[in-house]
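S.K.: Provided herewith is a single structure, encoded as structure tokens, for subsequent inquiry.
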Amino acid sequence: MIEVRNLTKRFGTKVAVDDLSFDVPSGRVTGFLGPNGAGKTTTLRTIVGLLHPDSGSATIDGTSYRHLPAPMRQVGALLEAKSYHPARKARDHLAALALAGRIPLKRVDEVLDLVGLSDVGGQRAGTFSLGMSQRLGIATALLGDPPVLIFDEPVNGLDPEGILWVRTFMQSLAAQGRTVFVSSHLMSEMALMATHAVVIGRGRLIADSSIDDILKGRSRDAVRVRTPRPDLLMPRLEAAGGSLAPAEDDGSVVVSGLPAERIGDIAMEAGSPLYQLVTVQASLEEAFMELTREDQEYHGHALASEALPAPAVPR
Amino acid sequence: MTATLGAQTAGPVVKDHRPRWVDVLASEWRKLRTLRSTGWTLFTACFIVLGLCALVTFLAGSNYGQHGHYPEPLRLITGSWLLGNLVFMVMGVMAVTNEYATSLIVPTFLATPRRLWAWTAKIAVFGAVVTVISFVLTFVQFFIGQAVLSTYSRVPHISLHQHLVLRIVIGGALYNLVIALMGLALGAIVRQTAGAIAIFAGIWLVLPGLFQALPDSWKNPLNEYWPTQAGKSITLRVPDPHTLTAWWGLGEFALVVAVLLAVAGYLVVRRDP
């Protein structure tokens, strides 16, 4: 269980993480979503004690990372794929870290096997592709067989096969009862990997709920309607409070603000036949864009007013 | 998926496997000895240093006594040690900055969040290895120089049994050690190879060169107390005017470097990597 409470971290005058609070419980994959620069990496680095928070706290089972008695056996983290000396062999890299964590060296071959790098353990890590580096990073995180695992963008740079491997691997770790916290900016990937997501934007919490709820609850009611008599139906829908998107090629119109049942009733009253009436579920990307829209609009606004000084008035 | 859960969540197991400082020490030793490429680079550098020592003493021996110039013969040998000093400086700086440059510092601090342990273990392992290398290299340098100079009958004979000679060779080895540790400290403070080496060279070579342009009232105390200058007094058989005595000089230099190591340790703990 990871607990983040009122966490704030500034870099100079820039606030990277702003009063952020959330929990990551065990036994499921929790996604950590946000656009680039939202503060995901800063938050993860603060949880594992690499960064000092300006205020607030991040704890693992009630203890801050720096005070864990045996950190590698309690938390495993992959923060940067290529965090090894390129001239050192993968096996030596893992052995050096295992020694620091007082982990038996036989565990090195076990984790190499676990991530499918057994055959290349004797190679210099510098010869590894990005995908192999990610696997080596995951092996590092697993050295202490910890109950809490943190991965920052683990599918970055992986091929489809690698992505599938990471996805099932994360899920099997969670199925064993571990806490698995995975950040990504790939929303669609997260919908497949995680059941729950913490969404942040500009350092602040935007949502902390199941992926299903994010898809359903936060996306506007949107219904695709196709009718041969739009002239009859559409004015009534607008009058009832629906807003209409421009008609698409097949003549269908996406109506938001009205549930499908209501649209069906209105169509019957209007005497307009319906060829199609489908509730459209937003993709996670769309839901995400909607969630973060306010922040982005605010951001654009603030920039514009700064960038455009008042014009000088000629006398 | 052979990984198992269970035991790791229980408190006692974690407590029994609480890493100790010696575990961090073992980790640092493992890191050092598994960088074979670095070992070969170092080996090559030492060979160049020894070759240069032979060349310098050869030239000094052939010119000895010309123009009525009879320098103190031991200085013909110690004068060739500068390149060796440079190797130790670079070793010290790179021992730290390579971890920042490769991001290895991230898993290192994840494994050992008690960063003072990581820092002191690195000082201990690096210091021990450098001590061995430095003593071997400095003695071999001395014997090569001695052998070359002994072929010139006009150069007075030099031997370890003579007054102060053993102290000077041991002192030269210790000077290398302090230089290497200063490199380690500056590497940890600056966290960037080129910057740390530039600052080191400024403190050690450029500034003392500039001192010579100053009036005596400034120049003499600076030559006497500037740490890298003071440390060098251990390698002089006949002290120059305005130098500290041998052990006081090296002691002052070592003290300054100890303070630098402490400052670096404070920054390692306090700063975000």
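Identifiers in the structure tokens: chain A, B, ... in order shown; residue index from 1 per chain; ligand index from 1 in order shown.
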Applying 8 Å and only C-alpha atoms, which residues near range 258-263 of chain B remain after dropping the ones on its own chain fewer than 5 positions away? List them as an MDAnalysis selection string.

M.R.: chainID B and resid 181:182 184:186 189

S.K.: What's the 10 Å shell around Thr120 in chain B, counting only C-alpha atoms, without same-chain residues fewer than 2 positions away, as a list of chain:residue names?

M.R.: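 Within the cut-off, the hits are B:Trp21, B:Val24, B:Leu25, B:Arg115, B:Leu116, B:Trp117, B:Ala118, B:Lys122, B:Ile123, B:Ala124, B:Val125, B:Phe126, B:Leu261, B:Ala262, B:Gly265.
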
S.K.: Which residue gives the smallest distance to chain B among A:Leu205, A:Ala141, A:Leu244, A:Leu291, with only C-alpha atoms counted?

M.R.: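 The closest residue to chain B is A:Ala141.
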
S.K.: Taking the chain letters and numbering used in this document, name the residues of range 78-123 of chain B that DSSP puts in alpha helix (DSSP H), as number ranges by chain.

M.R.: B: 78, 82-101, 105-111, 115-123

S.K.: Pull out every residue of chain A that has at least one atom within 6 Å of chain B, counting only C-alpha atoms, and report them as a list of chain:residue names.

M.R.: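 Result, ordered by chain then number: A:Leu51, A:Arg66, A:Pro69, A:Ala70, A:Met72, A:Ser83, A:Tyr84, A:His85, A:Arg88, A:Ala96, A:Leu99, A:Ala100, A:Gly101, A:Arg102.
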
S.K.: Suppose you want the space between CA of Leu274 in chain A and CA of Gly241 in chain A; what is it in Å?

M.R.: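 Taking CA of Leu274 in chain A and CA of Gly241 in chain A, their separation equals 19.1 Å.
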
S.K.: Determine which residues of range 103-257 of chain A DSSP labels as strand (DSSP E or B) from the backbone of this structure, then write them out as a ChimeraX atom specification.

M.R.: /A:124,148-152,179-184,196-201,204-210,222-226,243-244,253-256

S.K.: Output N, CA and C atoms for every residue in the selection just made, as a CSV table (one decimal), in the first residue's frame.

M.R.:
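Wrote selection-v2.csv, looks like this:
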chain,number,residue,atom,x,y,z
A,124,ARG,N,27.6,-7.3,-22.1
A,124,ARG,CA,27.6,-5.9,-21.6
A,124,ARG,C,26.2,-5.3,-21.8
A,148,VAL,N,5.7,-4.5,-3.2
A,148,VAL,CA,5.3,-3.2,-3.8
A,148,VAL,C,6.2,-3.0,-5.0
A,149,LEU,N,5.6,-2.7,-6.1
A,149,LEU,CA,6.4,-2.5,-7.4
A,149,LEU,C,5.9,-1.2,-8.0
A,150,ILE,N,6.9,-0.4,-8.5
A,150,ILE,CA,6.6,0.9,-9.1
A,150,ILE,C,7.4,0.9,-10.4
A,151,PHE,N,6.6,1.2,-11.5
A,151,PHE,CA,7.2,1.2,-12.8
A,151,PHE,C,6.9,2.5,-13.5
A,152,ASP,N,7.9,3.2,-14.0
A,152,ASP,CA,7.7,4.5,-14.7
A,152,ASP,C,7.8,4.2,-16.2
A,179,THR,N,1.3,-4.8,-4.7
A,179,THR,CA,0.9,-3.5,-5.1
A,179,THR,C,1.7,-3.2,-6.4
A,180,VAL,N,1.0,-2.9,-7.5
A,180,VAL,CA,1.6,-2.6,-8.7
A,180,VAL,C,1.2,-1.2,-9.2
A,181,PHE,N,2.1,-0.3,-9.3
A,181,PHE,CA,1.8,1.1,-9.7
A,181,PHE,C,2.6,1.4,-10.9
A,182,VAL,N,1.9,1.7,-12.0
A,182,VAL,CA,2.5,1.8,-13.4
A,182,VAL,C,2.1,3.1,-14.0
A,183,SER,N,3.1,3.9,-14.3
A,183,SER,CA,2.8,5.2,-15.0
A,183,SER,C,2.8,5.0,-16.5
A,184,SER,N,2.0,5.8,-17.2
A,184,SER,CA,2.1,5.7,-18.7
A,184,SER,C,1.4,7.0,-19.2
A,196,HIS,N,-7.6,0.3,-12.4
A,196,HIS,CA,-7.9,1.5,-11.6
A,196,HIS,C,-6.8,2.5,-12.1
A,197,ALA,N,-7.2,3.8,-12.0
A,197,ALA,CA,-6.2,4.8,-12.4
A,197,ALA,C,-6.2,6.0,-11.6
A,198,VAL,N,-5.0,6.5,-11.3
A,198,VAL,CA,-4.9,7.9,-10.7
A,198,VAL,C,-4.5,8.8,-11.8
A,199,VAL,N,-5.3,9.8,-12.1
A,199,VAL,CA,-5.0,10.7,-13.2
A,199,VAL,C,-4.6,12.1,-12.6
A,200,ILE,N,-3.5,12.6,-13.1
A,200,ILE,CA,-3.1,13.9,-12.6
A,200,ILE,C,-2.8,14.8,-13.8
A,201,GLY,N,-2.9,16.1,-13.6
A,201,GLY,CA,-2.6,17.1,-14.6
A,201,GLY,C,-2.0,18.3,-13.9
A,204,ARG,N,-1.7,18.2,-10.1
A,204,ARG,CA,-2.9,18.1,-9.3
A,204,ARG,C,-3.7,16.8,-9.6
A,205,LEU,N,-4.4,16.3,-8.6
A,205,LEU,CA,-5.2,15.1,-8.8
A,205,LEU,C,-6.4,15.5,-9.7
A,206,ILE,N,-6.7,14.7,-10.7
A,206,ILE,CA,-7.9,15.0,-11.5
A,206,ILE,C,-8.9,13.9,-11.3
A,207,ALA,N,-8.4,12.6,-11.2
A,207,ALA,CA,-9.4,11.5,-11.0
A,207,ALA,C,-8.6,10.4,-10.3
A,208,ASP,N,-9.4,9.7,-9.5
A,208,ASP,CA,-8.8,8.5,-8.8
A,208,ASP,C,-9.9,7.5,-8.7
A,209,SER,N,-10.1,6.7,-9.8
A,209,SER,CA,-11.2,5.8,-9.8
A,209,SER,C,-10.9,4.7,-10.8
A,210,SER,N,-11.9,3.8,-10.9
A,210,SER,CA,-11.7,2.6,-11.8
A,210,SER,C,-11.7,3.1,-13.3
A,222,ALA,N,-23.0,10.7,-25.0
A,222,ALA,CA,-23.0,10.9,-26.4
A,222,ALA,C,-23.7,9.8,-27.1
A,223,VAL,N,-24.6,10.1,-28.0
A,223,VAL,CA,-25.4,9.1,-28.7
A,223,VAL,C,-25.4,9.4,-30.2
A,224,ARG,N,-25.1,8.3,-30.9
A,224,ARG,CA,-25.0,8.5,-32.4
A,224,ARG,C,-26.4,8.2,-32.9
A,225,VAL,N,-27.0,9.2,-33.7
A,225,VAL,CA,-28.3,9.1,-34.2
A,225,VAL,C,-28.3,9.2,-35.7
A,226,ARG,N,-29.0,8.2,-36.4
A,226,ARG,CA,-29.1,8.3,-37.8
A,226,ARG,C,-30.6,8.2,-38.2
A,243,SER,N,-26.9,18.9,-27.6
A,243,SER,CA,-26.1,19.7,-28.6
A,243,SER,C,-25.6,18.7,-29.7
A,244,LEU,N,-25.6,19.3,-30.9
A,244,LEU,CA,-25.4,18.4,-32.0
A,244,LEU,C,-24.0,18.7,-32.7
A,253,VAL,N,-25.5,11.8,-36.7
A,253,VAL,CA,-25.2,12.9,-35.9
A,253,VAL,C,-24.9,12.5,-34.5
A,254,VAL,N,-23.8,13.0,-33.9
A,254,VAL,CA,-23.5,12.6,-32.5
A,254,VAL,C,-24.2,13.7,-31.6
A,255,VAL,N,-25.1,13.2,-30.8
A,255,VAL,CA,-25.8,14.1,-29.9
A,255,VAL,C,-25.3,14.0,-28.5
A,256,SER,N,-25.0,15.0,-27.9
A,256,SER,CA,-24.6,14.9,-26.5
A,256,SER,C,-25.5,15.7,-25.6

S.K.: Go ahead and compute the interatomic distance for CA of Leu160 in chain B and CA of Gly172 in chain B, in Å to one decimal.

M.R.: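 Between CA of Leu160 in chain B and CA of Gly172 in chain B the gap works out to 13.4 Å.
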
S.K.: Set the distance at 8 Å and use only C-alpha atoms: which residues neighbour range 40-49 of chain B once local chain neighbours fewer than 3 positions away are removed? I'd like the list as a VMD selection string.

M.R.: chain B and resid 36 to 37 52 to 53 81 83 to 84 87 137

S.K.: Extract, using only C-alpha atoms, all DNA, RNA and protein residues at most 10 Å from Gly145 in chain B, discarding same-chain residues fewer than 3 positions from it, and format them as a list in words.

M.R.: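 The filter keeps Leu50, Cys53, Ala54, Leu55, Val56, Thr57, Phe58, Gly61, Leu74, Leu76, Ile77, Thr78, Ser80, Phe139, Val140, Gln141, Phe142, Val148, Leu149, Ser150 and Ile158 of chain B.
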